[in-house]
Amino acid sequence: MKVDPELRDLGVRLRALRLEAGLSQEDLADRSGLHRNYIGGIERGERNVGIKAILAICRALDCSPAHFFA
């Protein structure tokens with residue numbers, strides 16, 4: 001599967017914020033209400049994530065969308 005560079009960059013950002021928060025993918029999945037495999041797919045740049053999922057992730061990470069995309 002070819003990975004889109006923009007989605008890969010989004011995944012790299014998510015992984016950095018998750019690790020900064022001291023969370024595993026499973027912890028983030030539990031907090032956000034998303035599946036652990038979905039979180040992993042986002043981090044690998046395999047998923048074109050929707051805004052509702054991004055908002056759930058931001059709430060779980062206790063960060064604003066602006067900070068997420070900074």
# chains A, B, ... in the order shown; residues from 1 in each chain; ligands from 1

$ select_by_dssp --residues "chain A" --states "alpha helix (DSSP H)" --output "ChimeraX atom specification"
/A:5-20,25-32,36-43,51-61,65-68

$ residues_around --residues "Ala60 in chain A" --least-positions-apart "3" --cutoff "10 Å" --atoms "only C-alpha atoms" --output "VMD selection string"
chain A and resid 18 21 23 27 to 33 54 to 57 63

$ closest_residue --among "A:Gln25, A:Leu7, A:Lys52, A:Ala70" --to "Gly40 in chain A" --atoms "only C-alpha atoms"
A:Gln25

$ residues_around --residues "Arg44 in chain A" --least-positions-apart "6" --cutoff "10 Å" --atoms "only C-alpha atoms" --output "PyMOL selection string"
chain A and resi 3-4+7-12+14-15+38

$ closest_residue --among "A:Arg47, A:Lys2, A:His67, A:Arg36" --to "Leu17 in chain A" --atoms "only C-alpha atoms"
A:His67

$ atom_distance --atom1 "CA of Val49 in chain A" --atom2 "CA of Gly22 in chain A"
22.1 Å
